[in-house]
>>> print(open('coords_11.cif').read())   # mmCIF, C-alpha atoms
data_protein
#
loop_
_atom_site.label_atom_id
_atom_site.label_comp_id
_atom_site.auth_asym_id
_atom_site.auth_seq_id
_atom_site.Cartn_x
_atom_site.Cartn_y
_atom_site.Cartn_z
CA MET U 1 13.56 -13.83 -10.20
CA ARG U 2 17.30 -13.21 -10.30
CA ASP U 3 19.47 -14.04 -7.29
CA ASP U 4 22.66 -12.32 -6.15
CA SER U 5 24.80 -14.74 -8.21
CA GLY U 6 22.96 -13.94 -11.45
CA ASN U 7 20.89 -17.15 -11.59
CA THR U 8 17.49 -16.44 -13.21
CA VAL U 9 14.26 -18.45 -12.94
CA GLN U 10 11.15 -17.38 -14.84
CA TYR U 11 7.63 -18.79 -15.05
CA THR U 12 5.13 -17.65 -17.70
CA SER U 13 1.43 -18.31 -17.21
CA SER U 14 -0.70 -19.74 -20.00
CA ALA U 15 -3.90 -18.31 -18.50
CA THR U 16 -6.00 -15.88 -20.56
CA LEU U 17 -5.88 -12.57 -18.71
CA ALA U 18 -6.43 -9.92 -21.41
CA ASP U 19 -10.22 -10.14 -21.22
CA GLY U 20 -11.08 -6.79 -19.64
CA GLU U 21 -11.87 -8.37 -16.26
CA TRP U 22 -10.03 -8.08 -12.94
CA HIS U 23 -7.82 -11.03 -12.00
CA HIS U 24 -5.97 -11.73 -8.78
CA ILE U 25 -2.34 -12.76 -9.35
CA VAL U 26 0.05 -14.10 -6.69
CA GLY U 27 3.69 -14.70 -7.50
CA VAL U 28 5.61 -16.89 -5.04
CA ILE U 29 9.41 -16.98 -4.95
CA ASN U 30 10.84 -19.78 -2.79
CA PRO U 31 14.66 -19.87 -2.81
CA ASP U 32 14.73 -22.82 -0.41
CA ASP U 33 12.88 -24.97 -2.99
CA ASP U 34 14.48 -23.25 -6.03
CA THR U 35 11.00 -22.42 -7.44
CA VAL U 36 9.15 -19.46 -8.93
CA GLY U 37 5.39 -19.91 -9.43
CA LEU U 38 2.03 -18.21 -9.95
CA TYR U 39 -1.50 -18.46 -8.60
CA VAL U 40 -4.24 -17.01 -10.85
CA ASP U 41 -7.53 -16.14 -9.14
CA GLY U 42 -6.56 -18.33 -6.20
CA VAL U 43 -5.76 -21.42 -8.28
CA PHE U 44 -2.20 -22.75 -8.70
CA ASP U 45 -1.14 -22.07 -12.30
CA GLY U 46 2.32 -23.60 -12.33
CA GLU U 47 5.97 -23.02 -11.50
CA SER U 48 9.52 -23.23 -12.84
CA MET U 49 12.55 -24.67 -11.06
CA GLY U 50 16.20 -23.65 -11.12
CA PRO U 51 19.06 -22.85 -8.77
CA LEU U 52 18.32 -19.84 -6.56
CA GLY U 53 20.71 -18.65 -3.89
CA ALA U 54 20.74 -15.56 -1.70
CA ILE U 55 18.43 -12.74 -2.84
CA THR U 56 19.03 -9.15 -1.73
CA LEU U 57 16.44 -6.62 -2.84
CA THR U 58 17.30 -2.98 -3.53
CA ASP U 59 15.12 -0.09 -4.63
CA ASN U 60 15.40 -1.07 -8.30
CA ASP U 61 15.06 -4.83 -8.03
CA LEU U 62 11.28 -5.19 -7.63
CA THR U 63 9.19 -4.14 -10.62
CA PHE U 64 5.57 -4.48 -11.76
CA GLY U 65 4.32 -4.28 -15.35
CA CYS U 66 7.68 -4.52 -17.12
CA LEU U 67 10.94 -6.46 -17.33
CA HIS U 68 13.99 -5.11 -15.51
CA ASN U 69 17.60 -6.16 -15.86
CA ASP U 70 21.00 -4.55 -15.63
CA SER U 71 20.49 -2.73 -18.94
CA GLY U 72 17.25 -1.04 -17.80
CA TYR U 73 13.52 -1.54 -18.31
CA SER U 74 11.74 -3.19 -21.25
CA ASN U 75 8.63 -5.18 -22.27
CA TYR U 76 6.14 -2.72 -20.80
CA THR U 77 2.57 -3.94 -20.49
CA THR U 78 -0.68 -1.98 -20.60
CA CYS U 79 -2.71 -2.86 -17.54
CA THR U 80 -4.18 -1.53 -14.31
CA LEU U 81 -2.79 -2.66 -10.95
CA ASP U 82 -4.63 -2.48 -7.63
CA GLU U 83 -4.35 -3.83 -4.09
CA ILE U 84 -0.62 -4.62 -4.38
CA ARG U 85 0.85 -6.48 -1.40
CA ILE U 86 4.41 -7.61 -0.78
CA ILE U 87 4.90 -10.48 1.69
CA LYS U 88 8.45 -11.20 2.82
CA ARG U 89 8.13 -15.00 2.74
CA ALA U 90 6.88 -17.75 0.44
CA ILE U 91 3.16 -18.27 1.16
CA THR U 92 1.17 -21.51 1.00
CA GLN U 93 -1.56 -22.42 -1.52
CA ARG U 94 -4.21 -21.92 1.18
CA GLU U 95 -2.91 -18.41 1.86
CA ALA U 96 -2.82 -17.57 -1.86
CA THR U 97 -6.43 -18.71 -2.27
CA SER U 98 -7.46 -16.72 0.78
CA LEU U 99 -5.89 -13.56 -0.65
CA ALA U 100 -7.90 -14.01 -3.85
CA THR U 101 -11.25 -14.62 -2.17
CA GLU U 102 -11.21 -12.16 0.71
CA ALA U 103 -12.97 -8.83 0.27
CA SER U 104 -10.70 -5.87 -0.43
CA LEU U 105 -10.49 -3.56 2.54
CA SER U 106 -11.19 0.13 2.14
CA GLY U 107 -8.76 2.63 3.60
CA ALA U 108 -11.06 3.21 6.57
CA ALA U 109 -11.34 -0.54 7.22
CA ARG U 110 -7.56 -0.86 7.28
CA ALA U 111 -7.07 2.01 9.70
CA GLY U 112 -6.50 1.37 13.39
CA PRO U 113 -5.27 3.25 16.46
CA GLY U 114 -2.25 5.35 15.54
CA SER U 115 -3.10 5.54 11.84
CA ILE U 116 -3.34 8.95 10.24
CA ILE U 117 -6.33 9.09 7.88
CA LEU U 118 -7.60 11.64 5.39
CA LEU U 119 -11.32 12.06 4.84
CA TYR U 120 -12.18 13.50 1.44
CA LEU U 121 -14.91 13.75 -1.16
CA ALA U 122 -14.31 11.92 -4.42
CA GLY U 123 -16.16 11.05 -7.58
CA VAL U 124 -16.89 7.51 -8.68
CA ASP U 125 -13.47 7.43 -10.35
CA GLU U 126 -11.83 8.04 -6.94
CA SER U 127 -10.19 11.28 -8.03
CA LEU U 128 -9.60 13.63 -5.13
CA VAL U 129 -11.97 16.58 -4.93
CA TYR U 130 -11.07 18.19 -1.62
CA LYS U 131 -10.01 17.24 1.87
CA LEU U 132 -12.32 17.43 4.86
CA PHE U 133 -10.28 16.28 7.82
CA THR U 134 -6.86 14.85 8.60
CA GLY U 135 -6.76 13.07 11.92
CA ARG U 136 -5.05 10.44 14.03
CA VAL U 137 -7.16 7.39 14.92
CA ILE U 138 -7.38 6.92 18.70
CA ASP U 139 -10.09 4.23 18.83
CA ARG U 140 -11.80 1.76 16.50
CA VAL U 141 -15.28 0.33 17.11
CA THR U 142 -17.02 -2.26 14.91
CA GLY U 143 -20.56 -3.56 15.13
CA GLY U 144 -23.76 -4.16 13.19
CA ASP U 145 -24.52 -7.28 11.17
CA PRO U 146 -23.20 -8.68 7.85
CA ASP U 147 -25.90 -6.88 5.85
CA ASN U 148 -25.44 -3.59 7.69
CA PRO U 149 -21.88 -3.37 9.06
CA LEU U 150 -20.84 -0.43 11.18
CA LEU U 151 -17.37 1.00 11.57
CA ILE U 152 -16.63 4.00 13.77
CA LEU U 153 -13.19 5.60 13.83
CA ASN U 154 -12.74 8.08 16.65
CA CYS U 155 -10.12 10.58 15.54
CA GLU U 156 -8.39 13.56 17.06
CA ASP U 157 -7.65 16.70 15.13
CA LEU U 158 -3.99 16.89 14.20
CA GLY U 159 -3.98 20.39 15.67
CA GLU U 160 -3.71 18.62 19.03
CA ILE U 161 -0.08 17.78 18.37
CA LEU U 162 0.82 21.45 18.74
CA HIS U 163 0.17 21.03 22.47
CA GLU U 164 2.10 17.77 22.76
CA ARG U 165 5.43 18.51 21.06
CA THR U 166 8.37 20.82 21.52
CA TYR U 167 10.94 22.56 19.35
CA SER U 168 14.63 23.30 19.99
CA HIS U 169 16.93 25.22 17.68
CA GLU U 170 19.28 28.18 17.79
CA TYR U 171 19.09 30.93 15.19
CA THR U 172 22.40 32.78 15.45
CA SER U 173 21.57 35.18 12.63
CA PRO U 174 18.35 37.13 11.93
CA THR U 175 15.80 34.79 10.35
CA GLN U 176 12.32 35.55 9.04
CA ILE U 177 9.50 34.44 11.33
CA SER U 178 7.80 32.70 8.40
CA THR U 179 10.99 30.66 7.83
CA ILE U 180 11.08 29.70 11.50
CA VAL U 181 7.44 28.52 11.28
CA ASP U 182 8.43 26.35 8.32
CA ASP U 183 11.37 24.90 10.28
CA ILE U 184 9.15 24.17 13.29
CA LEU U 185 6.69 22.13 11.23
CA ASP U 186 9.35 20.26 9.23
CA THR U 187 11.15 19.28 12.43
CA SER U 188 8.41 18.75 15.02
CA ALA U 189 5.10 18.37 13.10
CA PRO U 190 5.79 16.73 9.72
CA GLU U 191 2.17 15.45 9.55
CA LEU U 192 0.97 18.98 8.89
CA TYR U 193 1.19 20.91 5.67
CA ASN U 194 1.68 24.63 6.03
CA GLU U 195 0.55 27.80 4.32
CA LYS U 196 1.94 31.06 5.59
CA ASP U 197 2.32 34.69 4.68
CA THR U 198 5.93 35.75 4.25
CA THR U 199 6.92 38.13 7.04
CA ASN U 200 9.50 40.94 6.97
CA ARG U 201 10.26 40.62 10.69
CA THR U 202 13.45 38.70 11.49
CA ILE U 203 14.67 37.42 14.86
CA GLN U 204 17.58 35.48 16.26
CA ASN U 205 16.95 33.32 19.27
CA HIS U 206 17.68 30.02 20.98
CA PHE U 207 14.56 27.91 21.51
CA ARG U 208 14.95 25.22 24.16
CA ASP U 209 12.16 22.57 24.25
CA GLU U 210 9.53 25.22 23.52
CA ASN U 211 5.93 23.98 23.38
CA LEU U 212 4.78 24.27 19.75
CA TRP U 213 1.45 25.95 20.54
CA SER U 214 2.92 28.62 22.80
CA LEU U 215 5.89 29.18 20.45
CA LEU U 216 3.63 29.74 17.43
CA GLU U 217 1.48 32.03 19.56
CA LYS U 218 4.52 34.18 20.41
CA LEU U 219 5.67 34.29 16.80
CA ALA U 220 2.16 35.25 15.63
CA GLU U 221 2.02 38.16 18.09
CA THR U 222 5.35 39.59 16.91
CA ALA U 223 4.96 39.01 13.17
CA THR U 224 5.00 42.04 10.86
CA TYR U 225 4.47 42.31 7.12
CA SER U 226 5.65 44.59 4.33
CA SER U 227 2.07 45.78 3.82
CA GLY U 228 2.12 47.30 7.32
CA GLU U 229 0.00 44.74 9.19
CA ASN U 230 1.14 43.51 12.59
CA GLY U 231 0.20 40.17 14.09
CA ALA U 232 -0.99 36.87 12.63
CA ASN U 233 -3.60 34.17 13.17
CA PHE U 234 -2.55 30.53 13.24
CA TYR U 235 -4.76 27.47 13.16
CA THR U 236 -4.92 23.96 11.73
CA ASP U 237 -7.72 23.67 9.18
CA PRO U 238 -9.86 20.55 8.54
CA GLY U 239 -7.46 19.47 5.81
CA GLY U 240 -4.47 19.17 8.16
CA THR U 241 -2.78 22.38 7.03
CA LEU U 242 -1.39 24.80 9.59
CA ARG U 243 -2.13 28.31 8.38
CA PHE U 244 -0.02 31.17 9.70
CA LYS U 245 -1.67 34.19 8.12
CA LYS U 246 -1.74 37.90 8.83
CA TYR U 247 -4.88 39.26 10.46
CA GLY U 248 -7.83 39.34 8.09
CA ALA U 249 -6.29 36.92 5.59
CA PHE U 250 -8.54 33.94 6.36
CA ASN U 251 -9.59 31.99 3.28
CA CYS U 252 -11.26 28.58 3.07
CA GLY U 253 -11.35 26.81 -0.27
CA GLU U 254 -13.59 23.93 0.79
CA ALA U 255 -17.03 24.24 -0.81
CA LEU U 256 -18.92 23.06 2.27
CA SER U 257 -21.97 25.08 3.23
CA ASP U 258 -25.12 24.77 5.31
CA GLY U 259 -26.84 27.19 2.93
CA GLY U 260 -26.66 30.10 5.36
CA ASP U 261 -24.08 31.93 3.27
CA GLY U 262 -26.16 31.77 0.10
CA ALA U 263 -24.13 28.91 -1.38
CA THR U 264 -25.63 25.54 -2.29
CA GLN U 265 -26.33 23.49 0.83
CA ASN U 266 -24.32 20.28 0.97
CA ILE U 267 -24.01 19.85 4.74
CA LEU U 268 -26.88 18.09 6.45
CA ASP U 269 -25.55 18.07 9.98
CA ILE U 270 -22.41 18.76 11.99
CA GLU U 271 -21.55 17.29 15.36
CA THR U 272 -18.48 18.55 17.23
CA ARG U 273 -16.81 18.07 20.55
CA THR U 274 -14.65 20.87 21.92
CA SER U 275 -11.21 20.07 23.27
CA ILE U 276 -9.96 21.57 26.53
CA LYS U 277 -6.74 22.48 24.74
CA GLY U 278 -6.03 25.77 23.03
CA ASN U 279 -7.39 29.26 23.40
CA PRO U 280 -9.91 29.41 21.90
CA PRO U 281 -10.42 25.65 22.47
CA LEU U 282 -9.88 23.36 19.50
CA THR U 283 -12.90 21.75 17.91
CA ASN U 284 -12.12 18.06 18.05
CA ASN U 285 -13.85 14.82 16.98
CA ALA U 286 -15.91 16.55 14.28
CA LYS U 287 -18.46 14.61 12.24
CA VAL U 288 -19.74 16.26 9.07
CA ILE U 289 -22.73 14.64 7.34
CA ILE U 290 -22.89 15.59 3.68
CA PHE U 291 -24.95 14.70 0.63
CA GLU U 292 -23.60 11.56 -1.02
CA GLU U 293 -22.39 12.07 -4.55
CA GLU U 294 -24.34 10.18 -7.19
CA ASN U 295 -22.75 7.37 -9.18
CA ASN U 296 -23.05 6.66 -12.87
CA PRO U 297 -24.49 3.26 -13.83
CA LEU U 298 -21.85 0.59 -13.30
CA ASP U 299 -20.79 -2.22 -15.61
CA GLY U 300 -22.73 -5.34 -14.74
CA ASP U 301 -25.37 -3.47 -12.77
CA THR U 302 -28.55 -5.54 -13.12
CA LEU U 303 -30.78 -2.48 -12.84
CA THR U 304 -29.10 -0.65 -15.69
CA GLU U 305 -27.85 -3.36 -18.05
CA SER U 306 -29.84 -6.57 -17.63
CA ALA U 307 -33.32 -6.74 -19.16
CA GLU U 308 -34.27 -9.28 -16.50
CA GLY U 309 -36.86 -7.71 -14.19
CA TRP U 310 -37.88 -5.11 -16.79
CA SER U 311 -41.17 -5.26 -18.69
CA SER U 312 -43.83 -3.19 -20.42
CA PRO U 313 -47.58 -3.81 -20.61
CA ASP U 314 -47.67 -1.96 -23.95
CA PRO U 315 -47.04 -3.48 -27.40
CA THR U 316 -43.34 -3.86 -28.17
CA ASP U 317 -41.38 -5.31 -31.05
CA THR U 318 -40.41 -8.94 -30.56
CA GLY U 319 -37.30 -9.40 -28.46
CA TYR U 320 -37.60 -6.21 -26.39
CA PRO U 321 -36.67 -4.97 -23.83
CA GLN U 322 -33.00 -5.79 -24.45
CA SER U 323 -29.92 -5.71 -22.25
CA ASP U 324 -27.46 -3.05 -23.38
CA THR U 325 -24.06 -2.87 -21.66
CA GLY U 326 -23.32 0.49 -23.26
CA ASP U 327 -20.52 2.66 -21.97
CA LYS U 328 -20.28 3.07 -18.21
CA ALA U 329 -18.03 6.13 -18.45
CA ALA U 330 -20.47 7.89 -20.76
CA GLY U 331 -23.44 6.86 -18.62
CA THR U 332 -25.09 4.92 -21.45
CA ALA U 333 -25.27 1.47 -19.89
CA SER U 334 -28.99 0.94 -20.32
CA ILE U 335 -32.13 -1.07 -20.95
CA HIS U 336 -33.32 -0.74 -24.55
CA PHE U 337 -37.04 -0.67 -25.39
CA ASN U 338 -38.59 -0.51 -28.86
CA THR U 339 -42.22 0.50 -29.40
CA THR U 340 -44.71 -0.31 -32.14
CA ASN U 341 -47.80 1.89 -32.09
CA PRO U 342 -48.26 1.87 -28.31
CA GLY U 343 -51.08 4.41 -28.37
CA THR U 344 -51.18 7.48 -26.17
CA VAL U 345 -48.86 6.19 -23.43
CA TYR U 346 -45.83 3.95 -23.11
CA ARG U 347 -44.82 2.37 -19.80
CA MET U 348 -41.52 0.85 -18.66
CA ARG U 349 -41.52 -1.19 -15.46
CA LEU U 350 -38.80 -2.58 -13.21
CA ASN U 351 -39.24 -5.00 -10.33
CA LEU U 352 -36.92 -3.90 -7.52
CA GLY U 353 -37.74 -6.40 -4.80
CA ASP U 354 -39.04 -5.10 -1.46
CA LEU U 355 -37.64 -1.62 -0.81
CA ASP U 356 -38.40 0.48 2.28
CA ILE U 357 -38.59 4.07 1.02
CA THR U 358 -38.71 5.57 4.53
CA GLU U 359 -35.05 6.63 4.40
CA TYR U 360 -35.10 7.86 0.80
CA ASP U 361 -35.67 11.46 -0.28
CA ARG U 362 -36.08 11.15 -4.04
CA ILE U 363 -35.99 8.94 -7.09
CA ALA U 364 -33.73 9.72 -10.04
CA TRP U 365 -33.28 8.14 -13.44
CA SER U 366 -31.56 8.94 -16.72
CA MET U 367 -33.47 8.54 -19.98
CA LYS U 368 -32.95 9.05 -23.69
CA TYR U 369 -36.00 8.82 -25.94
CA GLY U 370 -35.97 8.82 -29.73
CA SER U 371 -36.38 11.99 -31.78
CA GLY U 372 -39.46 10.43 -33.44
CA LEU U 373 -41.39 10.34 -30.17
CA SER U 374 -43.97 13.05 -29.50
CA VAL U 375 -43.80 13.21 -25.70
CA ASP U 376 -45.79 15.74 -23.66
CA ASP U 377 -44.41 14.77 -20.24
CA PHE U 378 -43.57 11.80 -18.03
CA SER U 379 -45.08 10.30 -14.91
CA CYS U 380 -43.65 7.94 -12.28
CA ARG U 381 -45.56 5.38 -10.20
CA LEU U 382 -44.37 3.26 -7.25
CA TRP U 383 -46.27 0.33 -5.77
CA ARG U 384 -46.01 -3.10 -4.21
CA SER U 385 -46.82 -6.34 -6.03
CA SER U 386 -50.24 -6.34 -7.74
CA THR U 387 -51.79 -3.43 -5.84
CA TRP U 388 -50.94 -0.79 -8.44
CA THR U 389 -54.58 -0.17 -9.39
CA THR U 390 -55.64 0.55 -5.78
CA ASP U 391 -52.60 1.46 -3.66
CA TYR U 392 -49.72 3.42 -5.18
CA TYR U 393 -47.63 6.60 -5.21
CA LEU U 394 -47.87 8.76 -8.34
CA LYS U 395 -46.09 11.84 -9.68
CA THR U 396 -47.45 13.31 -12.93
CA GLY U 397 -46.44 16.22 -15.12
CA ILE U 398 -42.68 15.56 -15.02
CA THR U 399 -41.22 17.99 -17.56
CA LYS U 400 -39.69 16.24 -20.56
CA GLY U 401 -36.09 16.82 -21.60
CA ALA U 402 -34.77 17.15 -25.12
CA ALA U 403 -35.17 14.14 -27.41
CA ALA U 404 -32.24 11.98 -28.55
CA SER U 405 -30.03 13.00 -25.61
CA TRP U 406 -29.46 11.68 -22.11
CA VAL U 407 -31.40 13.63 -19.48
CA GLU U 408 -31.51 13.01 -15.73
CA TYR U 409 -34.93 13.24 -14.12
CA SER U 410 -35.05 13.73 -10.35
CA VAL U 411 -38.29 13.79 -8.35
CA ASP U 412 -38.70 14.34 -4.60
CA LEU U 413 -40.70 11.52 -3.03
CA GLY U 414 -42.54 14.19 -1.06
CA ASP U 415 -44.07 15.40 -4.35
CA PHE U 416 -45.78 12.05 -5.01
CA SER U 417 -49.50 11.76 -4.28
CA ALA U 418 -50.75 8.62 -2.51
CA THR U 419 -53.75 6.67 -3.70
CA GLY U 420 -55.25 4.18 -1.26
CA ASN U 421 -52.80 2.87 1.34
CA PRO U 422 -49.51 2.11 -0.48
CA GLY U 423 -47.44 1.81 2.72
CA LYS U 424 -43.67 2.32 2.84
CA ILE U 425 -42.62 -0.89 1.10
CA VAL U 426 -42.55 -0.84 -2.71
CA ASP U 427 -41.18 -3.33 -5.21
CA THR U 428 -42.00 -1.81 -8.61
CA VAL U 429 -41.19 1.45 -10.37
CA GLN U 430 -42.89 2.53 -13.58
CA ILE U 431 -41.84 5.36 -15.91
CA GLN U 432 -44.59 6.43 -18.28
CA ALA U 433 -44.31 8.63 -21.38
CA ASN U 434 -47.49 10.59 -22.07
CA HIS U 435 -48.83 12.14 -25.27
CA SER U 436 -52.21 13.65 -26.12
CA SER U 437 -52.67 11.57 -29.28
CA GLN U 438 -50.07 8.95 -30.17
CA ILE U 439 -46.40 8.12 -29.67
CA ALA U 440 -44.53 7.31 -32.86
CA VAL U 441 -42.26 4.33 -33.39
CA SER U 442 -38.79 4.93 -31.90
CA TYR U 443 -36.35 3.77 -29.28
CA THR U 444 -36.03 4.40 -25.58
CA HIS U 445 -33.07 3.84 -23.27
CA LEU U 446 -33.48 4.16 -19.53
CA THR U 447 -31.02 3.96 -16.67
CA LEU U 448 -31.68 3.96 -12.95
CA PRO U 449 -28.74 5.26 -10.86
CA THR U 450 -27.37 2.66 -8.46
CA ASN U 451 -28.11 4.81 -5.42
#
>>> encode(input="coords_11.cif", output="structure tokens")
Amino acid sequence: MRDDSGNTVQYTSSATLADGEWHHIVGVINPDDDTVGLYVDGVFDGESMGPLGAITLTDNDLTFGCLHNDSGYSNYTTCTLDEIRIIKRAITQREATSLATEASLSGAARAGPGSIILLYLAGVDESLVYKLFTGRVIDRVTGGDPDNPLLILNCEDLGEILHERTYSHEYTSPTQISTIVDDILDTSAPELYNEKDTTNRTIQNHFRDENLWSLLEKLAETATYSSGENGANFYTDPGGTLRFKKYGAFNCGEALSDGGDGATQNILDIETRTSIKGNPPLTNNAKVIIFEEENNPLDGDTLTESAEGWSSPDPTDTGYPQSDTGDKAAGTASIHFNTTNPGTVYRMRLNLGDLDITEYDRIAWSMKYGSGLSVDDFSCRLWRSSTWTTDYYLKTGITKGAAASWVEYSVDLGDFSATGNPGKIVDTVQIQANHSSQIAVSYTHLTLPTN
């Protein structure tokens, strides 16, 4: 920290942080006590003392991941930063520990009445795929229990603001209607993006507290285009973009479909409530239920990396199965089996703990078997405790994938046959490789997706 008089106080931690793990760091600057200190993972690491007077921050005075002084930036570090918070006072040790131990809030959990939120689909790496809905939170309801928390955010479509706001401006020279639409949104509805066709109709006018909805309606009716079309549609799409497009120019880039248009179905259900505003009325408070995207095996996932809970009733080389952390990004975090003359079948088992399969549609796993294995097909069996010989679910004839490469196998639970009375609670899954004569010595990796 450097104060306004040029006094500098620096503290350097001796903690080992370059270990590939996340650490929570709190830096505390206390000019009243002339101290600069650090907390590492909630524990006080140390501090340095020196004269500190008044401190005025400007845009360039607060930096992360490098050193900054009057001559510029230097000493860049290679790291990843997340959950950055800036608190405009020196916090206590109890507060620093609390920051390190509390659960990180998701964007939805942080949102409250008045917040503008964006709902989108993303992969496990959090990269944006496409937007679904931009809305303003009008109510927040929490419930459930610690093991099954519930958060409901009631939102209103941002298209509603077109009925609530006005626009005033005088155009003393002829101005394109599309330019006026742009001005309206920049001035009176900055929350909305806009996409518009360029018009060749110009007007000059003085707008005095015009309602946005009715003003856009008038402009749409009078719009003309160089291609000869007259008139435009305007609407706010689920992504929060106001589209002012000539008749017949509707286009939706979101790949959401109920299957009725021949595209792949990814919508399970839609619930909407129609607003009394607009003509036709706006669809407000929409809930879209979609298929959840699958996740790759995660680092530290006990199902995919820890041999604990895994077993095989068939002969294996000593020391197998083994934990194998692998590469999460490549999907190779796995359990490693090695076989020695297991005969005509080889079985890999995992104890899951009690699992109610009522709400599940399918089971999926990723497997790579060695090129020396002569596999005809696979089978999968689910059961509870020691009842596998009398009460179980079984799916046979699962088509094998290519050897020596990772292949995902996905089986609908509805395709399993039931023997005896297996019930809806299972605690064991078994993957079995089948061959008409014998399976040769080789290696097998198996992963079970986290969801």
>>> atom_distance(input="coords_11.cif", atom1="atom CA of Val407 of chain U", atom2="atom CA of Lys424 of chain U")
27.9 Å
>>> resolve_selection(input="coords_11.cif", expression="the PyMOL selection byres ((chain U and resi 4) around 10)", output="ChimeraX atom specification")
/U:2-3,5-8,52-57
>>> residues_around(input="coords_11.cif", residues="Thr224 of chain U", least_positions_apart="2", cutoff="12 Å", atoms="all atoms listed in the file", output="ChimeraX atom specification")
/U:176-178,197-203,219-222,226-233,245-247
>>> atom_distance(input="coords_11.cif", atom1="atom CA of Phe244 of chain U", atom2="atom CA of Asp186 of chain U")
14.4 Å
>>> closest_residue(input="coords_11.cif", among="U:Gly42, U:Pro51, U:Gly65, U:Gly37", to="Ala90 of chain U", atoms="all atoms listed in the file")
U:Gly37
>>> resolve_selection(input="coords_11.cif", expression="the PyMOL selection byres ((chain U and resi 419) around 10)", output="PyMOL selection string")
chain U and resi 388-394+416-418+420-422
>>> resolve_selection(input="coords_11.cif", expression="the PyMOL selection byres ((chain U and resi 412) around 8)", output="ChimeraX atom specification")
/U:361-363,410-411,413-416
>>> atom_distance(input="coords_11.cif", atom1="atom CA of Asn194 of chain U", atom2="atom CA of Leu158 of chain U")
12.6 Å
>>> residues_around(input="coords_11.cif", residues="Gln430 of chain U", least_positions_apart="2", cutoff="6 Å", atoms="only C-alpha atoms", output="VMD selection string")
chain U and resid 348 to 349 380 to 381
>>> closest_residue(input="coords_11.cif", among="U:Val43, U:Leu242, U:Cys79, U:Val9", to="Trp22 of chain U", atoms="only C-alpha atoms")
U:Cys79
>>> closest_residue(input="coords_11.cif", among="U:Ser312, U:Ser366, U:Asn75, U:Asn338", to="Tyr409 of chain U", atoms="only C-alpha atoms")
U:Ser366
>>> closest_residue(input="coords_11.cif", among="U:Ser436, U:Ala333, U:Tyr39, U:His163", to="Gln93 of chain U", atoms="all atoms listed in the file")
U:Tyr39
>>> closest_residue(input="coords_11.cif", among="U:Thr316, U:Thr396, U:Ser306, U:Asn211", to="Asp376 of chain U", atoms="only C-alpha atoms")
U:Thr396
